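Colleague: My questions will all concern the structure given below.
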Amino acid sequence: MSFVDDVVSVLPKPLQDIAYRQRELIKFAIVGATTFVIDSGIFYILKWTVLAEKPVTAKIISGVIAVIASYILNREWSFKNRGGRERHHEALLFFAVSGVGVVLAFTPLWISSYVFDLRQPNVSFTVENVADFISAFIIGNLLQMAFRFWSMRRWVFPDEMSELEAEFVDLVEEELGRG
């Protein structure tokens, strides 16, 4: 039994059925929570030290490190029963999709920082950091999370067996229609 199965087993029966059907989404969310901690920890360490004047650069660096961790965790756990592509092709797709995700994650921070100018000395330390958190980690992460989950299932870790089954059914129906 897996960690997810242990957690799901304590839920009320109606929720268990839903949770078992959404096992990949739950695992993806757990990986997301883990990489959120990695991303935010590295971001604030960089932002409060060596990159104090460059919050977007700090966010890009923290995002790239989180993406690498995300690939490993998603490949080996969330979507381990999917795929079928060669690893280098899968990794290239993952990092391309994740690159778009990093852009989606830092764009609200860029807008907050440079369009609305929510930076010190224009605003207090507290306002700057609350604005950074909301823009980068709430708005940005929600945007990139939705995009990445859809993209991962669609392109990076597709359900190859379902696709093959659908093609087979189409071929059989086509042959039966001719006969």
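Residue numbering restarts at 1 in every chain; chains get A, B, ... in the order shown in the structure tokens, and ligands count up from 1 in that same order.
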List the spatial neighbours of Tyr44 in chain A as a list in words - criterion: any atom at most 10 Å away, only C-alpha atoms, same-chain residues fewer than 5 positions off excluded.

Modeller: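 These residues fall inside the cut-off: Asp39, Thr49, Leu51, Ala52, Pro55, Ala58, Lys59, Ser62, Asn129, Asp132 and Phe133 of chain A.
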
Colleague: For the interface of range 23-124 of chain A with range 150-155 of chain A (cut-off 10 Å, counting only C-alpha atoms), please tabulate each contacting residue of range 23-124 of chain A alongside its nearest pair of atoms and their separation in Å to one decimal, rows sorted by chain and increasing number, as JSON lines.

Modeller:
```
{"residue": "A:Glu24", "atom": "CA", "partner": "A:Arg153", "partner_atom": "CA", "distance": 9.5}
{"residue": "A:Leu25", "atom": "CA", "partner": "A:Arg153", "partner_atom": "CA", "distance": 9.9}
{"residue": "A:Phe28", "atom": "CA", "partner": "A:Met152", "partner_atom": "CA", "distance": 9.9}
{"residue": "A:Asn74", "atom": "CA", "partner": "A:Met152", "partner_atom": "CA", "distance": 9.3}
{"residue": "A:Phe79", "atom": "CA", "partner": "A:Arg153", "partner_atom": "CA", "distance": 8.4}
{"residue": "A:Arg82", "atom": "CA", "partner": "A:Arg153", "partner_atom": "CA", "distance": 8.7}
{"residue": "A:Gly83", "atom": "CA", "partner": "A:Trp155", "partner_atom": "CA", "distance": 9.2}
{"residue": "A:Glu90", "atom": "CA", "partner": "A:Trp155", "partner_atom": "CA", "distance": 8.7}
{"residue": "A:Leu93", "atom": "CA", "partner": "A:Trp155", "partner_atom": "CA", "distance": 7.3}
{"residue": "A:Phe94", "atom": "CA", "partner": "A:Met152", "partner_atom": "CA", "distance": 7.2}
{"residue": "A:Val97", "atom": "CA", "partner": "A:Ser151", "partner_atom": "CA", "distance": 6.8}
{"residue": "A:Ser98", "atom": "CA", "partner": "A:Ser151", "partner_atom": "CA", "distance": 9.2}
{"residue": "A:Gly101", "atom": "CA", "partner": "A:Ser151", "partner_atom": "CA", "distance": 10.0}
```

Colleague: Need to verify the contact set: Ala29 in chain A, 10 Å, only C-alpha atoms, exclusion of same-chain residues closer than 5 positions in sequence. Can you return it as number ranges by chain?

Modeller: A: 23-24, 34-35, 78, 145, 149

Colleague: Can you pull out every residue within 12 Å of Tyr20 in chain A, counting only C-alpha atoms, but drop anything in the same chain fewer than 5 positions away, and send it as a ChimeraX atom specification?

Modeller: /A:2,4-9,11,13-15,25-27

Colleague: Okay, now the selection with C-alpha atoms, as a tab-separated table (two decimals), in the first residue's frame?

Modeller:
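Generated output (again_17.tsv):
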```tsv
chain	number	residue	atom	x	y	z
A	2	SER	CA	1.29	3.48	-0.85
A	4	VAL	CA	-1.63	7.98	-0.91
A	5	ASP	CA	-3.58	4.76	-0.26
A	6	ASP	CA	-2.93	5.12	3.49
A	7	VAL	CA	-4.23	8.69	3.47
A	8	VAL	CA	-7.25	7.87	1.28
A	9	SER	CA	-8.22	4.89	3.46
A	11	LEU	CA	-11.53	9.28	4.29
A	13	LYS	CA	-16.34	6.01	1.79
A	14	PRO	CA	-17.87	8.43	-0.79
A	15	LEU	CA	-14.66	10.50	-0.78
A	25	LEU	CA	-3.96	14.43	-9.23
A	26	ILE	CA	-3.37	13.81	-5.51
A	27	LYS	CA	0.22	12.70	-6.17
```

Colleague: Would you work out the distance separating CA of Ile45 in chain A from CA of Asp117 in chain A, expressed in Å to one decimal?

Modeller: 21.5 Å

Colleague: Please list as an NGL selection string every residue within 12 Å of range 103-110 of chain A, counting only C-alpha atoms and excluding residues in the same chain fewer than 3 positions away.

Modeller: :A and (36 or 39-40 or 43 or 54-64 or 66-67 or 96-100 or 113-119 or 128-148)

Colleague: As number ranges by chain, which residues of range 13-176 of chain A does DSSP assign to helix (DSSP H, G or I)?

Modeller: A: 13-21, 23-47, 55-78, 87-115, 125-156, 160-176
